[in-house]
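Chemist: File name coords_25.cif; file contents mmCIF, C-alpha atoms and all ligand atoms; full text below.
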data_upload
#
loop_
_atom_site.label_atom_id
_atom_site.label_comp_id
_atom_site.auth_asym_id
_atom_site.auth_seq_id
_atom_site.Cartn_x
_atom_site.Cartn_y
_atom_site.Cartn_z
CA MET A 1 77.39 114.03 87.34
CA THR A 2 75.94 117.22 85.90
CA ASP A 3 76.78 118.18 82.30
CA THR A 4 78.68 121.22 83.56
CA ALA A 5 80.81 119.09 85.88
CA VAL A 6 81.68 116.70 83.03
CA LYS A 7 82.40 119.67 80.74
CA ASP A 8 84.82 121.02 83.33
CA ILE A 9 86.68 117.71 83.43
CA VAL A 10 86.74 117.34 79.64
CA SER A 11 88.03 120.91 79.23
CA ARG A 12 91.24 119.82 80.95
CA PHE A 13 92.01 117.43 78.05
CA SER A 14 93.29 118.40 74.60
CA ILE A 15 90.29 117.22 72.65
CA ILE A 16 89.45 118.46 69.17
CA GLY A 17 86.27 120.58 69.14
CA ASN A 18 83.89 121.29 72.02
CA MET A 19 81.94 118.77 74.00
CA ILE A 20 78.27 118.46 73.01
CA SER A 21 77.23 115.63 75.31
CA ALA A 22 78.55 112.94 77.62
CA LYS A 23 76.48 109.79 78.01
CA PRO A 24 77.11 106.82 80.34
CA PHE A 25 78.52 104.02 78.20
CA GLY A 26 79.23 100.27 78.30
CA SER A 27 78.49 97.69 80.96
CA GLY A 28 81.73 97.52 82.93
CA HIS A 29 81.44 96.76 86.65
CA ILE A 30 84.27 98.97 87.87
CA ASN A 31 84.99 102.30 86.17
CA ASP A 32 82.51 105.03 85.20
CA THR A 33 82.59 105.41 81.45
CA TYR A 34 81.08 108.18 79.28
CA LEU A 35 80.89 108.57 75.53
CA VAL A 36 81.76 112.19 74.78
CA SER A 37 80.52 113.68 71.48
CA THR A 38 81.98 116.90 70.15
CA THR A 39 81.24 119.62 67.61
CA GLU A 40 83.91 118.07 65.36
CA LYS A 41 82.22 114.67 64.97
CA LYS A 42 85.11 113.07 66.82
CA ASP A 43 84.10 111.00 69.82
CA TYR A 44 86.02 110.34 73.01
CA LEU A 45 85.70 107.96 75.90
CA LEU A 46 85.93 109.62 79.29
CA GLN A 47 86.58 107.39 82.28
CA ARG A 48 86.63 107.93 85.99
CA ILE A 49 89.08 105.39 87.37
CA ASN A 50 87.64 103.58 90.38
CA HIS A 51 90.27 104.35 93.00
CA PHE A 52 88.54 102.28 95.67
CA VAL A 53 89.50 99.32 93.44
CA PHE A 54 92.75 100.71 92.00
CA LYS A 55 94.69 102.23 94.90
CA ASP A 56 97.78 103.18 92.87
CA VAL A 57 96.48 105.29 89.98
CA PRO A 58 99.91 106.69 88.93
CA GLY A 59 101.28 103.11 88.83
CA LEU A 60 98.26 101.95 86.84
CA MET A 61 98.61 104.77 84.32
CA ASN A 62 102.33 104.07 83.98
CA ASN A 63 101.56 100.41 83.23
CA LEU A 64 99.04 101.53 80.61
CA MET A 65 101.67 103.70 78.90
CA LEU A 66 104.28 100.92 78.96
CA VAL A 67 101.87 98.33 77.58
CA THR A 68 100.43 100.51 74.81
CA GLN A 69 103.91 101.76 73.78
CA HIS A 70 105.19 98.18 73.64
CA LEU A 71 102.22 97.09 71.53
CA SER A 72 102.73 100.05 69.27
CA GLU A 73 106.41 99.19 68.65
CA LYS A 74 105.40 95.64 67.84
CA LEU A 75 102.64 96.61 65.40
CA LYS A 76 105.03 98.83 63.45
CA ASN A 77 106.72 95.64 62.26
CA ILE A 78 103.54 93.82 61.34
CA LYS A 79 102.38 94.32 57.76
CA GLY A 80 98.85 95.66 57.50
CA ALA A 81 98.56 96.42 61.22
CA ASP A 82 96.99 99.75 62.18
CA PRO A 83 98.07 100.93 65.66
CA GLU A 84 95.46 103.70 65.72
CA LYS A 85 92.65 101.20 65.43
CA GLU A 86 94.19 98.27 67.26
CA ILE A 87 95.63 99.89 70.37
CA LEU A 88 93.95 102.02 73.01
CA SER A 89 95.31 105.57 72.93
CA LEU A 90 95.07 108.24 75.57
CA VAL A 91 94.36 111.91 74.94
CA LYS A 92 96.82 114.25 76.65
CA THR A 93 95.72 116.72 79.28
CA THR A 94 96.22 120.43 78.61
CA ASP A 95 99.28 120.33 80.90
CA ASN A 96 100.78 117.41 78.99
CA GLY A 97 99.85 114.60 81.36
CA PHE A 98 97.62 111.58 80.79
CA TYR A 99 95.11 111.89 83.61
CA ILE A 100 93.77 114.51 85.98
CA GLU A 101 92.67 114.55 89.60
CA ASP A 102 89.53 116.60 90.32
CA THR A 103 88.76 118.56 93.48
CA ASP A 104 86.96 115.53 95.01
CA GLY A 105 90.05 113.35 94.58
CA ASN A 106 88.67 111.43 91.58
CA PHE A 107 90.97 110.46 88.71
CA TRP A 108 89.92 110.88 85.09
CA ARG A 109 91.36 109.94 81.70
CA VAL A 110 90.22 110.23 78.10
CA PHE A 111 90.72 107.68 75.32
CA ASN A 112 90.20 108.15 71.62
CA PHE A 113 86.89 106.46 70.92
CA LEU A 114 87.18 103.55 68.53
CA ASN A 115 84.30 104.08 66.14
CA ASN A 116 82.36 101.31 64.44
CA THR A 117 83.33 98.72 67.00
CA LYS A 118 81.20 96.34 69.02
CA SER A 119 81.67 94.79 72.43
CA TYR A 120 79.51 91.82 73.33
CA ASP A 121 78.41 90.77 76.81
CA LEU A 122 77.22 87.48 75.33
CA VAL A 123 78.91 85.58 72.50
CA THR A 124 76.63 83.97 69.94
CA THR A 125 78.73 82.98 66.91
CA GLU A 126 81.85 80.89 66.35
CA THR A 127 83.41 83.77 64.42
CA GLN A 128 83.13 86.01 67.48
CA ALA A 129 84.61 83.33 69.75
CA PHE A 130 87.46 82.53 67.34
CA GLU A 131 88.27 86.22 66.93
CA GLY A 132 88.23 86.71 70.70
CA GLY A 133 90.68 83.84 71.09
CA LYS A 134 92.93 85.37 68.45
CA ALA A 135 92.79 88.79 70.09
CA PHE A 136 93.67 87.66 73.62
CA GLY A 137 96.24 85.14 72.33
CA ARG A 138 97.93 87.76 70.21
CA PHE A 139 97.88 90.18 73.12
CA GLN A 140 99.84 87.69 75.25
CA ALA A 141 102.19 86.92 72.36
CA LEU A 142 102.97 90.60 71.70
CA LEU A 143 103.65 91.25 75.38
CA ALA A 144 105.71 88.10 75.94
CA ASP A 145 108.95 90.12 75.79
CA LEU A 146 107.85 93.04 77.96
CA ASP A 147 109.91 92.99 81.14
CA THR A 148 107.59 91.85 83.97
CA GLU A 149 109.70 93.85 86.44
CA LEU A 150 108.52 97.13 84.88
CA ILE A 151 104.84 96.45 85.53
CA VAL A 152 103.44 97.19 88.98
CA ASP A 153 100.70 95.10 90.53
CA THR A 154 97.66 97.37 90.25
CA ILE A 155 95.68 94.95 92.44
CA PRO A 156 97.99 92.69 94.43
CA ASP A 157 97.00 88.99 94.51
CA PHE A 158 94.29 89.70 91.96
CA HIS A 159 93.87 86.10 90.82
CA ASN A 160 95.34 84.43 93.87
CA ILE A 161 92.55 82.04 94.89
CA GLU A 162 93.96 81.56 98.39
CA TYR A 163 93.74 85.31 98.95
CA ARG A 164 90.21 85.40 97.54
CA LEU A 165 89.11 82.57 99.84
CA LEU A 166 90.72 84.31 102.80
CA ASN A 167 88.70 87.42 102.00
CA LEU A 168 85.55 85.32 101.82
CA ASP A 169 86.37 83.81 105.22
CA LYS A 170 86.82 87.31 106.67
CA ALA A 171 83.50 88.42 105.21
CA ILE A 172 81.79 85.34 106.68
CA ALA A 173 83.33 86.00 110.10
CA ALA A 174 82.34 89.69 110.05
CA ASP A 175 78.89 89.25 108.46
CA THR A 176 78.49 93.01 108.57
CA GLU A 177 75.23 93.04 106.58
CA LYS A 178 73.67 90.04 108.37
CA ARG A 179 73.37 88.19 105.06
CA LEU A 180 75.16 85.02 106.09
CA SER A 181 71.97 83.04 106.69
CA LYS A 182 71.07 83.49 103.00
CA VAL A 183 74.21 81.88 101.59
CA ALA A 184 74.66 78.49 103.28
CA PRO A 185 74.46 76.41 100.04
CA GLU A 186 76.94 78.70 98.28
CA ILE A 187 79.43 78.47 101.15
CA GLU A 188 79.14 74.70 101.12
CA PHE A 189 79.75 74.70 97.36
CA VAL A 190 82.89 76.78 97.83
CA ASN A 191 84.20 74.64 100.70
CA GLN A 192 83.84 71.39 98.77
CA ARG A 193 86.24 72.68 96.12
CA ARG A 194 88.89 74.64 98.02
CA ALA A 195 91.75 72.16 97.59
CA GLN A 196 91.24 71.31 93.92
CA MET A 197 90.91 74.97 92.92
CA SER A 198 94.44 75.75 94.06
CA ARG A 199 96.02 73.55 91.37
CA VAL A 200 97.20 76.37 89.10
CA LEU A 201 98.70 78.21 92.05
CA GLN A 202 100.43 75.06 93.29
CA ALA A 203 101.82 74.28 89.84
CA GLY A 204 103.15 77.83 89.63
CA ARG A 205 104.74 77.66 93.06
CA ALA A 206 106.34 74.34 92.18
CA GLY A 207 107.96 76.02 89.16
CA PHE A 208 105.96 74.22 86.45
CA LEU A 209 104.29 77.40 85.16
CA SER A 210 105.93 80.77 84.51
CA GLN A 211 104.47 84.15 85.20
CA ARG A 212 103.87 86.08 82.00
CA ILE A 213 102.32 89.44 81.31
CA ILE A 214 98.65 88.66 80.95
CA HIS A 215 95.50 90.75 80.60
CA ASN A 216 93.75 89.52 83.75
CA ASP A 217 90.26 90.66 82.72
CA THR A 218 89.52 88.77 79.53
CA LYS A 219 85.76 88.80 79.72
CA PHE A 220 84.48 89.04 76.22
CA ASN A 221 83.29 92.64 76.38
CA ASN A 222 86.92 93.67 76.86
CA VAL A 223 87.72 93.01 73.22
CA LEU A 224 86.33 95.29 70.54
CA LEU A 225 85.29 93.66 67.27
CA ASP A 226 84.77 95.52 64.01
CA GLN A 227 81.55 95.55 61.99
CA GLN A 228 82.45 92.19 60.40
CA ASP A 229 83.09 90.75 63.88
CA HIS A 230 86.83 90.63 63.34
CA ALA A 231 88.95 91.34 66.41
CA GLN A 232 90.14 94.92 66.45
CA CYS A 233 91.37 96.02 69.88
CA VAL A 234 91.86 94.58 73.34
CA ILE A 235 90.69 97.13 75.91
CA ASP A 236 90.41 97.55 79.69
CA LEU A 237 94.14 97.32 80.37
CA ASP A 238 94.03 98.27 84.07
CA THR A 239 94.79 94.76 85.29
CA VAL A 240 97.57 93.87 82.84
CA MET A 241 100.05 92.26 85.23
CA PRO A 242 102.16 89.14 85.57
CA GLY A 243 100.11 85.98 86.03
CA TYR A 244 99.52 82.50 84.60
CA VAL A 245 98.07 82.13 81.10
CA ALA A 246 95.44 79.76 82.54
CA TYR A 247 93.84 82.79 84.22
CA ASP A 248 93.25 84.65 80.95
CA PHE A 249 92.05 81.50 79.25
CA GLY A 250 89.65 80.66 82.07
CA ASP A 251 88.20 84.16 82.34
CA ALA A 252 87.53 84.32 78.61
CA ILE A 253 85.92 80.86 78.60
CA ARG A 254 83.78 81.90 81.57
CA THR A 255 81.99 84.44 79.38
CA ILE A 256 82.17 82.59 76.04
CA ILE A 257 81.01 79.08 76.84
CA ASN A 258 78.04 80.19 78.96
CA THR A 259 74.76 80.28 77.01
CA ALA A 260 73.35 82.74 79.55
CA ALA A 261 74.39 86.04 81.13
CA GLU A 262 76.96 86.29 83.91
CA ASP A 263 74.13 87.13 86.33
CA GLU A 264 71.40 84.85 84.93
CA ALA A 265 68.68 84.32 87.55
CA ASP A 266 67.21 81.21 85.92
CA LEU A 267 69.94 78.66 86.54
CA ASP A 268 68.38 76.20 84.07
CA LEU A 269 69.41 78.54 81.27
CA ILE A 270 73.08 78.15 82.13
CA LYS A 271 74.45 75.60 79.70
CA LEU A 272 77.69 75.10 77.81
CA ASN A 273 78.08 76.05 74.17
CA ILE A 274 80.89 73.68 73.19
CA PRO A 275 81.30 74.87 69.56
CA LEU A 276 82.04 78.37 70.90
CA PHE A 277 84.62 76.87 73.27
CA THR A 278 86.28 75.01 70.37
CA ALA A 279 86.36 78.17 68.26
CA TYR A 280 87.98 80.19 71.07
CA VAL A 281 90.58 77.46 71.68
CA LYS A 282 91.46 77.46 67.96
CA GLY A 283 91.91 81.21 67.81
CA TYR A 284 93.85 81.33 71.08
CA LEU A 285 96.24 78.46 70.34
CA GLN A 286 96.86 79.67 66.79
CA GLN A 287 98.45 82.78 68.31
CA THR A 288 100.21 81.25 71.31
CA VAL A 289 101.43 77.85 70.13
CA ASN A 290 104.97 79.18 69.62
CA PHE A 291 105.57 80.05 73.22
CA LEU A 292 103.18 78.01 75.39
CA THR A 293 104.80 75.09 77.22
CA GLU A 294 103.12 71.73 77.52
CA ALA A 295 102.54 72.38 81.23
CA GLU A 296 100.78 75.64 80.36
CA VAL A 297 98.55 73.90 77.83
CA ASP A 298 97.74 71.27 80.47
CA SER A 299 96.84 74.03 82.94
CA LEU A 300 94.24 75.64 80.67
CA ILE A 301 91.42 73.32 81.71
CA ASP A 302 92.11 74.05 85.38
CA GLY A 303 91.91 77.75 84.54
CA ALA A 304 88.53 77.20 82.86
CA LEU A 305 87.11 75.78 86.09
CA LEU A 306 88.99 78.10 88.42
CA LEU A 307 87.97 81.46 86.99
CA PRO A 308 84.17 81.09 87.30
CA TYR A 309 84.73 79.60 90.76
CA MET A 310 86.93 82.55 91.78
CA GLN A 311 84.47 85.00 90.25
CA GLY A 312 81.66 83.39 92.26
CA VAL A 313 83.79 83.67 95.41
CA ARG A 314 84.41 87.36 94.66
CA PHE A 315 80.71 88.10 94.04
CA LEU A 316 79.74 86.20 97.19
CA THR A 317 82.32 88.07 99.26
CA ASP A 318 81.07 91.39 97.93
CA TYR A 319 77.49 90.37 98.74
CA LEU A 320 78.46 89.63 102.35
CA ASP A 321 80.49 92.87 102.52
CA GLY A 322 77.52 94.99 101.41
CA ASP A 323 78.20 95.41 97.65
CA ARG A 324 81.14 97.77 97.91
CA TYR A 325 83.28 96.53 95.01
CA PHE A 326 81.17 95.60 91.98
CA LYS A 327 78.46 97.87 90.62
CA THR A 328 75.09 96.25 91.37
CA HIS A 329 71.57 96.85 90.07
CA SER A 330 69.60 95.27 92.92
CA PRO A 331 70.25 94.24 96.55
CA GLN A 332 70.54 90.55 95.61
CA HIS A 333 72.57 91.13 92.44
CA ASN A 334 75.92 89.90 93.73
CA LEU A 335 74.31 86.78 95.21
CA GLN A 336 72.52 86.07 91.95
CA ARG A 337 75.82 86.50 90.10
CA ALA A 338 77.58 84.13 92.50
CA LYS A 339 74.86 81.48 92.07
CA ALA A 340 75.11 81.77 88.29
CA GLN A 341 78.91 81.39 88.37
CA PHE A 342 78.70 78.32 90.61
CA GLN A 343 76.12 76.77 88.31
CA LEU A 344 78.57 77.31 85.45
CA VAL A 345 81.31 75.60 87.48
CA LYS A 346 79.03 72.56 87.91
CA LYS A 347 78.46 72.36 84.16
CA LEU A 348 82.17 72.71 83.46
CA GLU A 349 82.99 69.97 85.96
CA GLU A 350 80.64 67.59 84.11
CA ALA A 351 82.28 68.41 80.77
CA ARG A 352 85.89 68.61 81.95
CA GLU A 353 87.19 65.61 79.98
CA THR A 354 85.46 66.62 76.74
CA LEU A 355 86.78 70.16 76.99
CA ASN A 356 90.31 69.07 77.79
CA ASP A 357 90.30 66.71 74.80
CA ILE A 358 89.39 69.66 72.58
CA ILE A 359 92.30 71.69 73.96
CA ILE A 360 94.84 68.91 73.56
CA LYS A 361 93.69 67.89 70.05
CA THR A 362 93.71 71.50 68.85
CA TRP A 363 97.16 72.05 70.32
CA ARG A 364 98.52 68.93 68.54
CA ASN A 365 97.07 70.15 65.23
CA GLU A 366 98.58 73.60 65.64
CA ASN A 367 102.01 72.17 66.55
P1 LIG B 1 85.35 98.76 82.93
O1 LIG B 1 86.66 98.60 83.62
O2 LIG B 1 84.36 99.46 83.76
O3 LIG B 1 84.87 97.46 82.39
P2 LIG B 1 86.13 99.42 80.19
O4 LIG B 1 87.46 100.09 79.99
O5 LIG B 1 86.04 97.99 79.87
O6 LIG B 1 85.64 99.73 81.69
O7 LIG B 1 85.07 100.24 79.34
C1 LIG B 1 83.69 99.97 79.42
C2 LIG B 1 83.12 99.72 78.02
O8 LIG B 1 83.36 100.88 77.20
C3 LIG B 1 83.76 98.58 77.24
O9 LIG B 1 83.17 97.33 77.54
C4 LIG B 1 83.52 98.98 75.79
O10 LIG B 1 82.21 98.66 75.40
C5 LIG B 1 83.64 100.50 75.84
N1 LIG B 1 84.96 101.03 75.46
C6 LIG B 1 86.05 101.13 76.27
N2 LIG B 1 87.07 101.72 75.63
C7 LIG B 1 86.63 102.03 74.38
C8 LIG B 1 87.21 102.71 73.25
N3 LIG B 1 88.45 103.22 73.27
N4 LIG B 1 86.46 102.84 72.14
C9 LIG B 1 85.19 102.37 72.10
N5 LIG B 1 84.59 101.75 73.14
C10 LIG B 1 85.28 101.57 74.27
C1 LIG B 2 85.21 93.44 86.49
O1 LIG B 2 85.87 96.03 84.78
P1 LIG B 2 85.13 94.87 84.22
O2 LIG B 2 83.67 94.98 84.33
O3 LIG B 2 85.64 94.56 82.82
C2 LIG B 2 86.41 92.94 87.30
C3 LIG B 2 86.86 91.58 86.77
C4 LIG B 2 85.71 90.62 86.84
C5 LIG B 2 84.50 91.18 86.08
C6 LIG B 2 83.29 90.31 86.26
C7 LIG B 2 89.26 95.23 88.17
O4 LIG B 2 85.61 93.62 85.15
O5 LIG B 2 87.94 91.08 87.54
O6 LIG B 2 86.08 89.38 86.29
O7 LIG B 2 84.17 92.50 86.57
N1 LIG B 2 87.50 93.90 87.22
C8 LIG B 2 88.19 94.22 88.34
O8 LIG B 2 82.34 90.64 85.32
O9 LIG B 2 87.95 93.73 89.44
MG MG B 3 85.65 96.23 80.94
#
Take the structure in this file and express it as structure tokens.
Ligand code: ADP
Ligand code: GN1
Ligand code: MG

Modeler:
Amino acid sequence: MTDTAVKDIVSRFSIIGNMISAKPFGSGHINDTYLVSTTEKKDYLLQRINHFVFKDVPGLMNNLMLVTQHLSEKLKNIKGADPEKEILSLVKTTDNGFYIEDTDGNFWRVFNFLNNTKSYDLVTTETQAFEGGKAFGRFQALLADLDTELIVDTIPDFHNIEYRLLNLDKAIAADTEKRLSKVAPEIEFVNQRRAQMSRVLQAGRAGFLSQRIIHNDTKFNNVLLDQQDHAQCVIDLDTVMPGYVAYDFGDAIRTIINTAAEDEADLDLIKLNIPLFTAYVKGYLQQTVNFLTEAEVDSLIDGALLLPYMQGVRFLTDYLDGDRYFKTHSPQHNLQRAKAQFQLVKKLEEARETLNDIIIKTWRNEN
């Protein structure tokens, strides 16, 4: 994007001051994000919504409004809460909307930039993990009474593992990029675990777990912490949809418990940091103990194994499909990511009992 093109887009939003610069920002895999600085020392976050991924942009933006308004109503009744800092807020367009469509059919929106915040790709301290648990737990708690009927599915079957495996099978059958010969061990790994990884889905179908409004993308860099590493704001609300709490738990653990990056090439570096897991569980259960059922608490460990498995399946599928979904930085990136996620699954399988004991003991203490 040229500076002039970005300026044109930004000029359609009611920002204070004039744009000085727009720089690519963050490490998200989906949207294009820019930090916009202005003559008034007020920053904004400009985002191009990836409409290959999100087919229903009006529905997505409506969800975003409903969720942020609901959070805002809730925070009004909480002493000391500051909605401006703790909730994402959109900047209106000059014609009073919340997003624009440009001449190429791209959709853009602008958020108020939350200054003095940090988002971590890798968690290193127990404070960070505990605060992350609090933030995502509180998020679920505050949205527990938002009518699920009002929220549209921005990506249908997003965390439906059967659907994800079906997509992998289609990619294997098509092998459009002729990459299949490179992934035999990964496919075997996936096949060995198909049945056991559908436990959360089966429990839901059998009526043991209810669908709640969940975040659906709880990787750690989707929570902003303040300068003291206290949780400030949960961001990236595009996938907020009904789902099982085990999904949010598992996706957060996927990024917190791993001592290495999501795409670590040296698999020996992928180990579990159990104190960070314990800290996250404490923060999460502290906020959710009032509404979680025993069956939901029991499902959390399945979520912790399922989400890295599902993420590996998604990366592997995208690799076979020719890297059309996730942003990649090299031709083998998605494969490397899939390998790293499967290595994490192996480590989690070995520690399953220990981790589940931590969840159950913490839950009993909180009760
Ligand atoms: P993606 O869907 O591509 O992950 P995000 O909405 O998560 O996009 O934004 C990408 C990154 O931008 C985040 O990880 C975070 O670092 C930063 N970010 C997003 N929204 C804000 C905001 N309102 N204020 C400050 N930083 C933000
Ligand atoms: C994507 O947008 P971002 O980078 O926060 C993806 C998640 C994956 C994650 C893996 C809409 O999240 O589902 O878990 O990458 N978001 C979407 O890092 O597919
Ligand atoms: Mg993100």

Chemist: List as a tab-separated table every residue of chain A that is in contact with ligand LIG 2 (chain B), defined as an atom at most 8 Å from one of its atoms (using only C-alpha atoms and all ligand atoms), together with the nearest atom pair and the distance in Å rounded to one decimal, sorted by chain and then rising number.

Modeler:
residue	atom	partner	partner_atom	distance
A:Ser27	CA	B:LIG2	O2	6.7
A:Gly28	CA	B:LIG2	O2	3.5
A:His29	CA	B:LIG2	O2	3.7
A:Ile30	CA	B:LIG2	O1	4.6
A:Asn31	CA	B:LIG2	O1	6.5
A:Val53	CA	B:LIG2	C7	6.7
A:Phe54	CA	B:LIG2	C7	7.5
A:Ile155	CA	B:LIG2	C7	7.7
A:Phe158	CA	B:LIG2	O5	7.9
A:Asn216	CA	B:LIG2	O5	7.1
A:Asp217	CA	B:LIG2	O5	5.4
A:Thr218	CA	B:LIG2	O6	7.6
A:Lys219	CA	B:LIG2	O3	6.5
A:Asn221	CA	B:LIG2	O3	7.1
A:Asn222	CA	B:LIG2	O3	6.2
A:Asp236	CA	B:LIG2	O3	6.4
A:Asp238	CA	B:LIG2	C7	7.0
A:Thr239	CA	B:LIG2	C7	6.3
A:Asp251	CA	B:LIG2	O6	6.9
A:Glu262	CA	B:LIG2	O8	7.1
A:Gln311	CA	B:LIG2	O6	6.1
A:Tyr325	CA	B:LIG2	O9	7.8
A:Phe326	CA	B:LIG2	O7	6.9

Chemist: Counting all atoms listed in the file, which of A:Leu237, A:Met1, A:Leu269, A:Leu285 gets nearest to Ala340 of chain A?

Modeler: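 The closest residue to Ala340 of chain A is A:Leu269.
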
Chemist: Atom CA of Arg212 of chain A and atom CA of Ala141 of chain A, how far apart in Å?

Modeler: 9.8 Å

Chemist: Just want the 9 Å neighbourhood of Leu168 of chain A, counted on only C-alpha atoms, with same-chain residues fewer than 6 positions away dropped. Output as JSON, numbers by chain.

Modeler: {"A": [313, 314, 316, 317, 318, 320]}

Chemist: From the set A:Leu225, A:Ala5, A:Ala203, A:Leu355, which residue has the shortest atom-to-atom contact distance to ligand LIG 1 (chain B), counting only C-alpha atoms and all ligand atoms?

Modeler: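 Under the stated criterion, the closest residue is A:Leu225.
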
Chemist: Return as JSON the box centre and box size in Å, one decimal, for an axis-aligned box around all listed atoms of ligand LIG 1 (chain B) padded by 6 Å per side.

Modeler:
{"center_x": 85.3, "center_y": 100.3, "center_z": 77.9, "size_x": 18.2, "size_y": 17.9, "size_z": 23.7}

Chemist: Please write out the residues within 9 Å of ligand LIG 1 (chain B) as number ranges by chain, counting all atoms listed in the file.

Modeler: A: 25-35, 43-47, 49-50, 87-90, 110-121, 217, 220-224, 233-238

Chemist: Please identify all polymer residues within 9 Å of segment 145-152 of chain A, counting all atoms listed in the file, omitting same-chain residues fewer than 4 positions from it, and present them as a list of chain:residue names.

Modeler: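 Result of the neighbour search: A:Gly59, A:Leu60, A:Asn62, A:Asn63, A:Leu66, A:Val67, A:His70, A:Ala141, A:Pro156, A:Gln211, A:Arg212, A:Ile213, A:Val240, A:Met241, A:Pro242.
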
Chemist: Which is closest to ligand MG 3 (chain B) among A:Pro331, A:His215, A:Leu142, A:Ile257, if we use all atoms listed in the file?

Modeler: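 Using all atoms listed in the file, the shortest distance to ligand MG 3 (chain B) belongs to A:His215.
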
Chemist: Ranking A:Arg12, A:Lys134, A:Arg164, A:Lys361 by minimum distance to Asp298 of chain A and counting all atoms listed in the file, which one comes first?

Modeler: A:Lys361

Chemist: Mind completing segment 165-177 of chain A with N, CA, C and O atoms? Output as a short mmCIF file (atom, residue, chain, number, x, y, z; two decimals), in the frame of the given file, please?

Modeler:
data_model
loop_
_atom_site.label_atom_id
_atom_site.label_comp_id
_atom_site.auth_asym_id
_atom_site.auth_seq_id
_atom_site.Cartn_x
_atom_site.Cartn_y
_atom_site.Cartn_z
N LEU A 165 89.83 83.39 98.86
CA LEU A 165 89.11 82.57 99.84
C LEU A 165 89.28 83.14 101.25
O LEU A 165 88.35 83.11 102.06
N LEU A 166 90.47 83.68 101.50
CA LEU A 166 90.72 84.31 102.80
C LEU A 166 89.78 85.51 102.99
O LEU A 166 89.20 85.71 104.06
N ASN A 167 89.62 86.28 101.93
CA ASN A 167 88.70 87.42 102.00
C ASN A 167 87.26 86.97 102.23
O ASN A 167 86.51 87.62 102.95
N LEU A 168 86.90 85.86 101.60
CA LEU A 168 85.55 85.32 101.82
C LEU A 168 85.41 84.92 103.29
O LEU A 168 84.40 85.23 103.94
N ASP A 169 86.43 84.25 103.82
CA ASP A 169 86.37 83.81 105.22
C ASP A 169 86.23 85.01 106.16
O ASP A 169 85.48 84.95 107.15
N LYS A 170 86.93 86.09 105.84
CA LYS A 170 86.82 87.31 106.67
C LYS A 170 85.41 87.88 106.60
O LYS A 170 84.84 88.32 107.60
N ALA A 171 84.85 87.88 105.38
CA ALA A 171 83.50 88.42 105.21
C ALA A 171 82.48 87.57 105.96
O ALA A 171 81.51 88.09 106.54
N ILE A 172 82.70 86.25 105.95
CA ILE A 172 81.79 85.34 106.68
C ILE A 172 81.90 85.64 108.18
O ILE A 172 80.88 85.77 108.88
N ALA A 173 83.12 85.77 108.66
CA ALA A 173 83.33 86.00 110.10
C ALA A 173 82.71 87.34 110.52
O ALA A 173 82.10 87.44 111.58
N ALA A 174 82.84 88.35 109.68
CA ALA A 174 82.34 89.69 110.05
C ALA A 174 80.81 89.77 109.88
O ALA A 174 80.12 90.36 110.71
N ASP A 175 80.32 89.22 108.81
CA ASP A 175 78.89 89.25 108.46
C ASP A 175 78.26 90.63 108.75
O ASP A 175 77.21 90.72 109.40
N THR A 176 78.89 91.65 108.23
CA THR A 176 78.49 93.01 108.57
C THR A 176 77.05 93.34 108.17
O THR A 176 76.39 94.14 108.80
N GLU A 177 76.57 92.72 107.09
CA GLU A 177 75.23 93.04 106.58
C GLU A 177 74.17 92.06 107.05
O GLU A 177 73.02 92.13 106.62
#
